[in-house]
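Participant: Handing over final-v9.cif, mmCIF, C-alpha atoms and all ligand atoms.
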```cif
data_input
#
loop_
_atom_site.label_atom_id
_atom_site.label_comp_id
_atom_site.auth_asym_id
_atom_site.auth_seq_id
_atom_site.Cartn_x
_atom_site.Cartn_y
_atom_site.Cartn_z
CA MET A 1 10.94 9.78 7.43
CA THR A 2 11.00 9.80 11.25
CA VAL A 3 7.89 10.62 13.29
CA ASP A 4 6.64 10.46 16.87
CA TYR A 5 3.40 8.65 16.01
CA ALA A 6 2.83 6.30 13.07
CA LEU A 7 -0.90 5.64 12.82
CA VAL A 8 -1.57 2.64 10.55
CA GLY A 9 -5.10 2.53 9.07
CA GLY A 10 -6.97 5.81 8.67
CA GLY A 11 -10.41 4.60 9.76
CA LEU A 12 -12.63 5.74 12.62
CA GLN A 13 -10.14 4.96 15.39
CA ASN A 14 -6.93 6.41 14.00
CA GLY A 15 -8.80 9.34 12.44
CA LEU A 16 -10.07 10.26 15.92
CA ILE A 17 -6.60 9.74 17.40
CA ALA A 18 -5.09 12.01 14.72
CA LEU A 19 -7.72 14.70 15.38
CA GLY A 20 -7.07 14.47 19.13
CA LEU A 21 -3.28 14.58 18.86
CA LEU A 22 -3.34 17.52 16.45
CA HIS A 23 -5.83 19.33 18.68
CA ARG A 24 -3.71 18.90 21.83
CA ARG A 25 -0.20 18.88 20.29
CA PRO A 26 -0.35 20.69 16.94
CA ASP A 27 3.43 20.39 16.50
CA CYS A 28 3.71 16.63 16.98
CA ARG A 29 5.31 14.59 14.20
CA LEU A 30 2.60 12.26 12.98
CA ALA A 31 2.04 10.02 9.93
CA LEU A 32 -1.43 8.66 9.21
CA ILE A 33 -1.21 5.80 6.70
CA GLU A 34 -4.37 4.78 4.85
CA ARG A 35 -4.59 2.43 1.90
CA GLY A 36 -7.83 3.97 0.61
CA PRO A 37 -8.14 7.30 -1.23
CA ARG A 38 -9.46 9.16 1.84
CA PRO A 39 -9.61 8.54 5.61
CA GLY A 40 -12.78 7.00 7.03
CA GLY A 41 -14.11 4.84 4.19
CA ASP A 42 -17.83 5.04 3.40
CA HIS A 43 -19.92 4.98 6.57
CA THR A 44 -22.54 6.75 8.61
CA TRP A 45 -21.50 6.58 12.26
CA CYS A 46 -24.17 7.23 14.87
CA PHE A 47 -23.78 7.67 18.57
CA HIS A 48 -25.57 8.90 21.68
CA ALA A 49 -24.34 12.20 23.13
CA ALA A 50 -23.29 10.43 26.35
CA ASP A 51 -21.07 8.03 24.37
CA VAL A 52 -18.40 10.66 23.85
CA ASP A 53 -15.78 11.02 26.55
CA PRO A 54 -15.90 14.73 27.58
CA ALA A 55 -12.12 14.90 27.08
CA ALA A 56 -12.63 14.02 23.38
CA ALA A 57 -15.59 16.40 22.89
CA PRO A 58 -13.50 19.33 21.57
CA TRP A 59 -12.61 17.42 18.39
CA ILE A 60 -15.70 15.22 18.09
CA ASP A 61 -18.38 17.86 18.72
CA PRO A 62 -17.80 19.67 15.39
CA LEU A 63 -18.14 16.44 13.35
CA PRO A 64 -21.86 15.44 13.32
CA ARG A 65 -23.86 16.33 10.22
CA HIS A 66 -27.15 15.58 11.98
CA ARG A 67 -28.24 15.84 15.61
CA TRP A 68 -31.60 14.88 17.04
CA PRO A 69 -32.96 15.57 20.55
CA GLY A 70 -34.02 11.95 21.11
CA TYR A 71 -35.25 8.77 19.50
CA THR A 72 -38.10 6.25 19.52
CA VAL A 73 -38.24 2.46 19.71
CA HIS A 74 -41.22 0.32 18.68
CA PHE A 75 -41.79 -3.28 19.74
CA PRO A 76 -44.93 -5.38 19.23
CA ASP A 77 -45.85 -4.75 22.90
CA ARG A 78 -44.63 -1.17 23.50
CA THR A 79 -43.38 2.10 22.09
CA ARG A 80 -41.04 4.39 23.96
CA THR A 81 -39.52 7.78 23.17
CA LEU A 82 -36.29 8.70 24.95
CA ASN A 83 -35.08 12.27 25.14
CA GLU A 84 -31.48 11.19 24.69
CA PRO A 85 -29.61 13.23 22.07
CA TYR A 86 -28.43 11.17 19.11
CA SER A 87 -25.96 12.24 16.39
CA MET A 88 -24.65 11.09 13.05
CA ILE A 89 -21.23 11.62 11.46
CA ALA A 90 -20.93 11.14 7.70
CA SER A 91 -17.57 9.66 6.74
CA ALA A 92 -17.12 12.35 4.02
CA ASP A 93 -17.25 15.06 6.73
CA PHE A 94 -14.90 13.01 8.90
CA ALA A 95 -12.45 12.78 5.98
CA ASP A 96 -12.68 16.57 5.44
CA ALA A 97 -11.86 17.18 9.13
CA VAL A 98 -8.90 14.76 9.23
CA GLU A 99 -7.49 16.13 5.95
CA ALA A 100 -7.83 19.75 7.14
CA ALA A 101 -6.20 18.98 10.52
CA CYS A 102 -3.24 17.24 8.83
CA LEU A 103 -2.84 20.04 6.30
CA ALA A 104 -2.84 22.73 9.01
CA ALA A 105 -0.28 20.97 11.21
CA PRO A 106 3.37 21.62 10.27
CA ASN A 107 4.63 18.11 11.09
CA ALA A 108 1.68 15.90 10.16
CA ARG A 109 1.61 13.77 7.02
CA LEU A 110 -1.51 12.09 5.67
CA LEU A 111 -0.46 9.26 3.36
CA THR A 112 -3.48 7.98 1.43
CA ASP A 113 -3.46 5.29 -1.28
CA THR A 114 -0.61 3.91 0.80
CA GLU A 115 -0.53 0.32 2.01
CA ALA A 116 1.45 -0.72 5.07
CA VAL A 117 3.03 -4.14 4.54
CA ALA A 118 5.05 -4.55 7.75
CA VAL A 119 4.00 -3.01 11.05
CA GLU A 120 6.65 -3.16 13.77
CA PRO A 121 7.12 -1.48 17.18
CA ASP A 122 9.61 1.07 15.83
CA GLY A 123 8.34 1.66 12.31
CA VAL A 124 6.23 0.80 9.31
CA ARG A 125 7.27 -0.49 5.91
CA LEU A 126 5.09 0.64 3.01
CA ALA A 127 4.21 -1.27 -0.15
CA ASP A 128 6.17 1.24 -2.26
CA GLY A 129 9.36 0.35 -0.32
CA ARG A 130 9.48 3.44 1.93
CA HIS A 131 10.12 2.98 5.64
CA ILE A 132 8.76 5.26 8.38
CA ARG A 133 10.60 5.21 11.69
CA ALA A 134 8.38 6.02 14.67
CA ARG A 135 8.62 6.36 18.44
CA VAL A 136 5.24 4.68 18.73
CA VAL A 137 3.19 2.69 16.20
CA ILE A 138 -0.60 2.51 16.61
CA ASP A 139 -2.17 -0.16 14.41
CA ALA A 140 -5.92 0.23 13.74
CA ARG A 141 -6.36 -1.63 10.47
CA GLY A 142 -9.95 -2.55 11.27
CA PRO A 143 -12.28 -5.43 11.95
CA ASP A 144 -10.82 -7.77 9.30
CA ARG A 145 -7.71 -8.30 11.44
CA HIS A 146 -9.55 -8.85 14.72
CA ALA A 147 -9.40 -12.43 16.04
CA LEU A 148 -12.91 -13.46 17.12
CA PRO A 149 -14.00 -16.27 19.37
CA ALA A 150 -16.04 -19.05 17.72
CA GLU A 151 -18.94 -18.12 20.01
CA CYS A 152 -20.37 -15.22 18.11
CA GLY A 153 -23.63 -13.76 16.85
CA TYR A 154 -23.92 -11.07 14.18
CA GLN A 155 -25.61 -7.74 13.65
CA LYS A 156 -26.13 -7.39 9.92
CA PHE A 157 -28.00 -4.84 7.87
CA VAL A 158 -28.67 -3.26 4.52
CA GLY A 159 -29.56 0.43 4.51
CA LEU A 160 -30.92 2.64 1.75
CA GLU A 161 -30.61 6.42 1.84
CA LEU A 162 -33.81 7.56 0.20
CA ARG A 163 -35.35 10.71 -1.18
CA LEU A 164 -39.13 10.48 -1.01
CA THR A 165 -41.71 12.16 -3.19
CA ALA A 166 -43.44 13.68 -0.12
CA PRO A 167 -42.44 14.44 3.51
CA HIS A 168 -42.01 11.34 5.69
CA GLY A 169 -43.21 13.10 8.85
CA LEU A 170 -40.48 11.75 11.18
CA ASP A 171 -38.83 14.33 13.44
CA ARG A 172 -36.39 11.97 15.18
CA PRO A 173 -34.73 8.61 14.58
CA VAL A 174 -36.50 5.33 15.15
CA LEU A 175 -33.68 3.19 16.51
CA MET A 176 -35.73 0.02 16.35
CA ASP A 177 -39.08 -0.69 14.74
CA ALA A 178 -39.48 -4.39 15.51
CA ARG A 179 -43.16 -4.58 14.52
CA LEU A 180 -42.11 -6.81 11.64
CA PRO A 181 -41.94 -10.53 10.82
CA GLN A 182 -39.05 -11.81 12.96
CA ILE A 183 -37.07 -13.65 10.32
CA ASP A 184 -33.38 -14.60 10.74
CA GLY A 185 -33.25 -13.64 14.44
CA PHE A 186 -34.23 -10.32 16.03
CA ARG A 187 -35.23 -8.06 13.16
CA PHE A 188 -36.04 -4.35 13.07
CA MET A 189 -35.97 -1.29 10.84
CA TYR A 190 -33.64 1.57 11.78
CA LEU A 191 -34.76 4.99 10.50
CA LEU A 192 -32.72 8.20 10.43
CA PRO A 193 -34.56 11.27 9.10
CA PHE A 194 -32.11 13.71 7.44
CA ASP A 195 -34.58 16.31 6.21
CA ALA A 196 -38.29 16.41 5.40
CA HIS A 197 -37.91 14.16 2.33
CA ARG A 198 -34.67 12.26 2.94
CA LEU A 199 -34.00 9.41 5.33
CA LEU A 200 -31.94 6.25 5.87
CA VAL A 201 -33.95 3.05 6.25
CA GLU A 202 -31.94 0.06 7.41
CA ASP A 203 -33.31 -3.48 7.73
CA THR A 204 -31.31 -4.97 10.62
CA TYR A 205 -30.93 -8.51 11.98
CA PHE A 206 -29.31 -9.92 15.13
CA SER A 207 -28.66 -13.38 13.71
CA ASP A 208 -26.80 -16.59 14.38
CA GLY A 209 -24.91 -16.48 11.08
CA PRO A 210 -23.19 -13.80 8.93
CA ALA A 211 -24.91 -14.61 5.58
CA LEU A 212 -26.56 -11.50 4.13
CA ASP A 213 -28.48 -11.52 0.85
CA GLN A 214 -28.12 -7.81 0.16
CA ASP A 215 -30.57 -7.62 -2.73
CA ALA A 216 -33.28 -9.54 -0.87
CA VAL A 217 -32.88 -7.32 2.21
CA ALA A 218 -32.87 -4.13 0.09
CA ALA A 219 -36.15 -5.33 -1.46
CA ARG A 220 -37.58 -5.72 2.09
CA VAL A 221 -36.58 -2.12 2.84
CA GLU A 222 -38.51 -1.01 -0.23
CA SER A 223 -41.57 -3.06 0.83
CA PHE A 224 -41.43 -1.49 4.31
CA VAL A 225 -41.25 1.98 2.78
CA ALA A 226 -44.27 1.24 0.60
CA GLU A 227 -46.19 -0.04 3.66
CA GLN A 228 -45.62 3.34 5.37
CA GLY A 229 -47.36 4.98 2.41
CA TRP A 230 -44.07 6.58 1.26
CA ARG A 231 -42.95 6.69 -2.38
CA ILE A 232 -39.28 6.63 -3.33
CA ALA A 233 -38.05 9.40 -5.65
CA ALA A 234 -34.42 8.18 -5.58
CA VAL A 235 -32.12 5.75 -3.78
CA GLU A 236 -29.16 8.03 -3.07
CA ARG A 237 -26.84 5.60 -1.31
CA ARG A 238 -26.76 2.02 -0.10
CA GLU A 239 -24.73 0.58 2.78
CA HIS A 240 -24.42 -2.79 4.42
CA GLY A 241 -22.59 -4.24 7.38
CA VAL A 242 -21.99 -7.51 9.17
CA LEU A 243 -20.72 -6.79 12.67
CA PRO A 244 -19.68 -9.74 14.87
CA LEU A 245 -21.17 -9.78 18.39
CA PRO A 246 -19.12 -12.21 20.49
CA TRP A 247 -20.31 -13.80 23.71
CA ALA A 248 -16.88 -14.98 24.86
CA ALA A 249 -13.93 -12.65 25.44
CA PRO A 250 -11.95 -12.18 22.22
CA PRO A 251 -8.30 -13.30 22.47
CA PRO A 252 -6.06 -10.39 23.50
CA PRO A 253 -3.94 -8.82 20.75
CA PRO A 254 -0.26 -9.89 20.64
CA GLU A 255 2.08 -8.02 22.99
CA ASP A 256 4.85 -7.25 20.53
CA GLY A 257 5.29 -3.53 21.17
CA VAL A 258 2.83 -2.39 18.47
CA LEU A 259 -0.20 -0.71 20.08
CA ARG A 260 -3.38 -2.27 18.64
CA ALA A 261 -6.35 0.08 18.59
CA GLY A 262 -9.86 0.31 17.22
CA TYR A 263 -11.84 -2.80 16.42
CA GLN A 264 -8.66 -4.79 15.92
CA GLY A 265 -7.54 -3.99 19.47
CA GLY A 266 -10.92 -5.01 20.94
CA PHE A 267 -12.11 -1.41 21.47
CA TYR A 268 -15.81 -1.87 20.61
CA HIS A 269 -19.20 -2.46 22.20
CA PRO A 270 -19.90 -6.21 22.11
CA VAL A 271 -23.71 -5.84 22.03
CA THR A 272 -24.00 -3.24 19.26
CA GLY A 273 -20.77 -3.89 17.34
CA TYR A 274 -20.27 -0.10 17.36
CA SER A 275 -16.92 1.36 18.24
CA LEU A 276 -17.36 5.11 18.53
CA PRO A 277 -17.64 5.23 22.38
CA ALA A 278 -14.47 3.15 22.92
CA ALA A 279 -12.63 4.82 20.03
CA ALA A 280 -13.38 8.30 21.46
CA ARG A 281 -12.16 7.19 24.86
CA LEU A 282 -8.89 5.83 23.48
CA ALA A 283 -8.36 8.97 21.37
CA ALA A 284 -8.66 11.08 24.54
CA VAL A 285 -6.14 8.87 26.34
CA VAL A 286 -3.62 9.07 23.47
CA ALA A 287 -3.99 12.86 23.24
CA ASP A 288 -3.46 13.36 26.98
CA THR A 289 -0.66 10.84 27.66
CA PRO A 290 3.06 11.52 27.17
CA ILE A 291 4.40 9.28 24.42
CA GLU A 292 6.68 7.27 26.69
CA ALA A 293 3.75 6.38 28.99
CA LEU A 294 1.45 5.29 26.14
CA PRO A 295 2.04 1.50 26.27
CA ARG A 296 1.00 1.41 29.94
CA ALA A 297 -1.98 3.72 29.34
CA PHE A 298 -3.10 1.52 26.42
CA ALA A 299 -2.85 -1.64 28.51
CA ALA A 300 -4.77 -0.02 31.40
CA LEU A 301 -7.58 1.16 29.11
CA ARG A 302 -7.76 -2.21 27.38
CA ARG A 303 -8.18 -3.90 30.78
CA GLU A 304 -10.89 -1.40 31.72
CA ILE A 305 -12.75 -1.82 28.42
CA GLY A 306 -12.39 -5.61 28.81
CA ARG A 307 -14.07 -5.37 32.23
CA ARG A 308 -16.85 -3.21 30.80
CA GLN A 309 -17.37 -5.64 27.91
CA ARG A 310 -17.97 -8.58 30.27
CA PHE A 311 -21.61 -7.70 30.98
CA GLY A 312 -22.24 -7.20 27.26
CA LEU A 313 -20.78 -10.64 26.55
CA LEU A 314 -23.18 -12.09 29.11
CA LEU A 315 -26.13 -10.33 27.46
CA ASN A 316 -25.00 -11.66 24.06
CA ARG A 317 -24.83 -15.18 25.47
CA ALA A 318 -28.40 -14.89 26.80
CA PHE A 319 -29.55 -13.36 23.52
CA PHE A 320 -27.90 -15.76 21.06
CA ALA A 321 -27.35 -18.96 23.03
CA HIS A 322 -30.43 -19.07 25.25
CA CYS A 323 -33.22 -17.35 23.37
CA PRO A 324 -34.93 -18.76 20.28
CA PRO A 325 -34.40 -16.39 17.31
CA GLY A 326 -38.07 -15.54 16.88
CA ARG A 327 -38.46 -14.44 20.52
CA ARG A 328 -35.35 -12.28 20.87
CA TRP A 329 -37.38 -9.11 20.43
CA GLN A 330 -38.95 -9.84 23.86
CA LEU A 331 -35.55 -9.46 25.57
CA MET A 332 -34.90 -6.19 23.77
CA SER A 333 -38.36 -4.86 24.58
CA ARG A 334 -37.82 -5.78 28.24
CA PHE A 335 -34.49 -3.93 28.27
CA TYR A 336 -36.19 -0.80 26.90
CA ARG A 337 -38.45 -0.76 29.97
CA ARG A 338 -35.42 0.18 32.11
CA PRO A 339 -34.62 3.73 33.31
CA ALA A 340 -33.25 6.10 30.65
CA GLY A 341 -29.99 6.52 32.60
CA THR A 342 -29.33 2.79 32.60
CA ILE A 343 -29.95 2.62 28.84
CA ARG A 344 -27.72 5.65 28.28
CA ARG A 345 -24.84 4.15 30.27
CA PHE A 346 -25.33 0.78 28.55
CA TYR A 347 -24.66 2.35 25.14
CA ALA A 348 -21.77 4.41 26.54
CA MET A 349 -20.17 1.28 28.09
CA ARG A 350 -20.28 2.97 31.48
CA MET A 351 -22.75 0.84 33.42
CA SER A 352 -22.42 0.82 37.19
CA ALA A 353 -23.02 -2.31 39.28
CA TRP A 354 -26.47 -0.88 40.04
CA ASP A 355 -27.21 -0.44 36.32
CA ARG A 356 -26.23 -4.05 35.67
CA PHE A 357 -28.57 -5.16 38.43
CA VAL A 358 -31.39 -2.95 37.15
CA ALA A 359 -30.88 -4.19 33.58
CA VAL A 360 -31.61 -7.80 34.47
CA ALA A 361 -33.77 -7.42 37.61
CA GLY A 362 -37.13 -9.20 37.69
CA PRO A 363 -38.37 -12.68 36.94
CA VAL A 364 -36.35 -14.76 34.48
CA PRO A 365 -37.86 -13.91 31.06
CA ARG A 366 -40.02 -16.75 29.76
CA CYS A 367 -38.42 -16.52 26.35
CA LEU A 368 -35.09 -17.80 27.77
CA VAL A 369 -34.33 -21.49 27.50
CA TRP A 370 -31.56 -23.34 29.27
CA ARG A 371 -30.28 -25.19 26.21
CA ARG A 372 -29.01 -23.49 23.09
CA PRO A 373 -32.02 -23.37 20.74
CA PRO A 374 -31.76 -25.46 17.57
CA ALA A 375 -30.33 -23.71 14.52
CA MET A 376 -32.89 -21.94 12.36
CA THR A 377 -34.39 -23.84 9.47
CA ALA A 378 -33.50 -22.66 5.98
CA GLN A 379 -37.07 -21.37 5.67
CA GLU A 380 -36.73 -19.24 8.84
CA ALA A 381 -33.39 -17.85 7.71
CA ALA A 382 -34.65 -16.96 4.20
C1 LIG B 1 -22.27 0.06 7.36
C2 LIG B 1 -21.70 0.22 8.76
C3 LIG B 1 -22.30 1.10 9.65
C4 LIG B 1 -21.77 1.25 10.94
N1 LIG B 1 -22.37 2.11 11.79
C5 LIG B 1 -21.78 2.38 12.97
C6 LIG B 1 -22.32 3.38 13.83
O1 LIG B 1 -23.38 3.96 13.53
N2 LIG B 1 -21.66 3.68 14.98
C7 LIG B 1 -20.51 3.03 15.33
O2 LIG B 1 -19.93 3.35 16.39
N3 LIG B 1 -20.01 2.05 14.57
C8 LIG B 1 -20.60 1.72 13.40
N4 LIG B 1 -20.10 0.74 12.61
C9 LIG B 1 -18.92 0.01 13.08
C10 LIG B 1 -17.69 0.90 12.85
O3 LIG B 1 -17.71 1.41 11.54
C11 LIG B 1 -16.42 0.11 13.05
O4 LIG B 1 -16.49 -0.55 14.28
C12 LIG B 1 -15.24 1.09 13.02
O5 LIG B 1 -15.11 1.65 11.73
C13 LIG B 1 -13.98 0.42 13.45
O6 LIG B 1 -12.98 1.41 13.44
P1 LIG B 1 -11.48 1.05 13.10
O7 LIG B 1 -10.73 2.32 12.98
O8 LIG B 1 -10.99 0.02 14.04
O9 LIG B 1 -11.57 0.32 11.69
P2 LIG B 1 -11.99 0.96 10.28
O10 LIG B 1 -12.85 2.14 10.46
O11 LIG B 1 -12.49 -0.18 9.46
O12 LIG B 1 -10.61 1.46 9.69
C14 LIG B 1 -9.56 0.61 9.30
C15 LIG B 1 -8.80 1.33 8.20
O13 LIG B 1 -7.56 0.68 7.97
C16 LIG B 1 -7.29 0.71 6.58
N5 LIG B 1 -6.32 -0.35 6.30
C17 LIG B 1 -6.49 -1.69 6.41
N6 LIG B 1 -5.35 -2.34 6.10
C18 LIG B 1 -4.44 -1.39 5.78
C19 LIG B 1 -3.07 -1.43 5.39
N7 LIG B 1 -2.40 -2.59 5.26
N8 LIG B 1 -2.42 -0.26 5.16
C20 LIG B 1 -3.07 0.93 5.29
N9 LIG B 1 -4.38 1.02 5.67
C21 LIG B 1 -5.03 -0.11 5.91
C22 LIG B 1 -8.67 0.49 5.95
O14 LIG B 1 -8.70 0.95 4.61
C23 LIG B 1 -9.55 1.31 6.86
O15 LIG B 1 -9.72 2.65 6.41
C24 LIG B 1 -20.62 0.52 11.33
C25 LIG B 1 -20.03 -0.37 10.44
C26 LIG B 1 -20.57 -0.54 9.17
C27 LIG B 1 -19.92 -1.54 8.23
#
```
Render the structure in this file as structure tokens.

Facilitator:
Amino acid sequence: MTVDYALVGGGLQNGLIALGLLHRRPDCRLALIERGPRPGGDHTWCFHAADVDPAAAPWIDPLPRHRWPGYTVHFPDRTRTLNEPYSMIASADFADAVEAACLAAPNARLLTDTEAVAVEPDGVRLADGRHIRARVVIDARGPDRHALPAECGYQKFVGLELRLTAPHGLDRPVLMDARLPQIDGFRFMYLLPFDAHRLLVEDTYFSDGPALDQDAVAARVESFVAEQGWRIAAVERREHGVLPLPWAAPPPPPEDGVLRAGYQGGFYHPVTGYSLPAAARLAAVVADTPIEALPRAFAALRREIGRRQRFGLLLNRAFFAHCPPGRRWQLMSRFYRRPAGTIRRFYAMRMSAWDRFVAVAGPVPRCLVWRRPPAMTAQEAA
């Protein structure tokens, strides 16, 4: 088989690229190769409205299952509600959209349950022996293949999708409820209300290490739910994640002619570990760039994203290397005192020099220490 675009790995990044290409160039010859049974895996992807590049909006706007007009954050010293629209895409809906787009396009092939074993600049060899020749190969096989610097913190979480016996009373997400014992770093609950009785409750940690005792954390979610006076009728789904948050620039991907995208290519937000804003941006660039100009466009966007990541790396260094784990919530609470526009552009990876100044302006926070704080004791980490 010969195609224009071979997209290796049918996750968030290449799914968005496929949707963008088939939206802009419905006749293009495209193969999307995914080793799993469906594109997208099993995720809930959230993002702020401003995270989506307007050029990618035509194919991202139809995807969210839930949209909320804003969100709330709670810290021990303040609560704030921001009227910043927030959305959630369920990976099952994402898979439906990618499958439908590939089916409707005359020259697109979606190859699921298909493992790529050799990824080269002019083609892909599959585990079943087939070879796909391609004018351009975009490799987005996910975080597992991304080389990380040793200097790294982690965002880790266990989330339960719950049906309650009575309405929970939330009308918008709570992005952070940090009014909790601060164990294992900065800790907060993340709440997404889906309907009157159903919601996702995620116990989240910004920690020094990646260890995650899923059952223990799930039990803490259930305790939190009970403390709110809610009773669980059913646990409908469970998810977990361990997302690396580096504070040094990751090594650049190899320059061997294969275009590395998604998390593997370094297209993610270093402070949140989320990749939708950068993935949407790259999808727009791929859709709007002639195929022969793609390598240069990729390199230019990677440089730009690298520049935008620098401030996030600095924040991560302050957070993980210069703030004792139990006081990290103070830095986050301080950040949430900033203007809504600065916070919006922070999440969208579009901060101006003024935003960067505003984000850190003021006296040096007293929770910061010059030396790296000692590692947590086993008791603190438990
Ligand atoms: C529980 C959880 C919740 C998250 N929530 C958010 C969120 O709310 N917002 C957000 O922006 N980010 C979120 N993230 C992070 C986000 O999911 C990842 O950053 C994003 O999926 C990375 O996209 P990607 O396309 O690079 O990799 P992936 O989405 O991981 O896709 C890689 C794909 O490649 C396939 N693959 C791997 N090897 C091969 C092979 N040899 N042949 C064929 N296929 C292969 C995999 O099966 C996979 O489908 C979350 C992560 C987790 C774990």

Participant: Please extract the residues at most 6 Å from ligand LIG 1 (chain B), counting only C-alpha atoms and all ligand atoms, and provide them as a PyMOL selection string, using the chain letters and residue numbers of this document.

Facilitator: chain A and resi 8-14+33-36+39-41+43-47+114-117+140-143+239-241+262-264+274-276

Participant: Using all atoms listed in the file, which of A:Arg29, A:His269, A:Arg334, A:His23 sits nearest Leu7 of chain A?

Facilitator: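 Closest to Leu7 of chain A, using all atoms listed in the file: A:Arg29.
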
Participant: Could you check the closest approach to Ala280 of chain A for each of A:Ala18, A:Val3, A:Cys152, A:Leu175 and tell me which residue wins, using all atoms listed in the file?

Facilitator: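 Looking only at the distances to Ala280 of chain A, the closest residue turns out to be A:Ala18.
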
Participant: Using only C-alpha atoms, list the residues that have an atom at most 6 Å from (-32.7, 2.9, 7.2), coordinates as in the file, as a PyMOL selection string.

Facilitator: chain A and resi 159-160+190-191+200-202

Participant: Determine the nearest neighbour of Pro121 of chain A from the options A:His74, A:Arg260, A:Arg328, A:His197, counting all atoms listed in the file.

Facilitator: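 Result for the nearest residue to Pro121 of chain A: A:Arg260.
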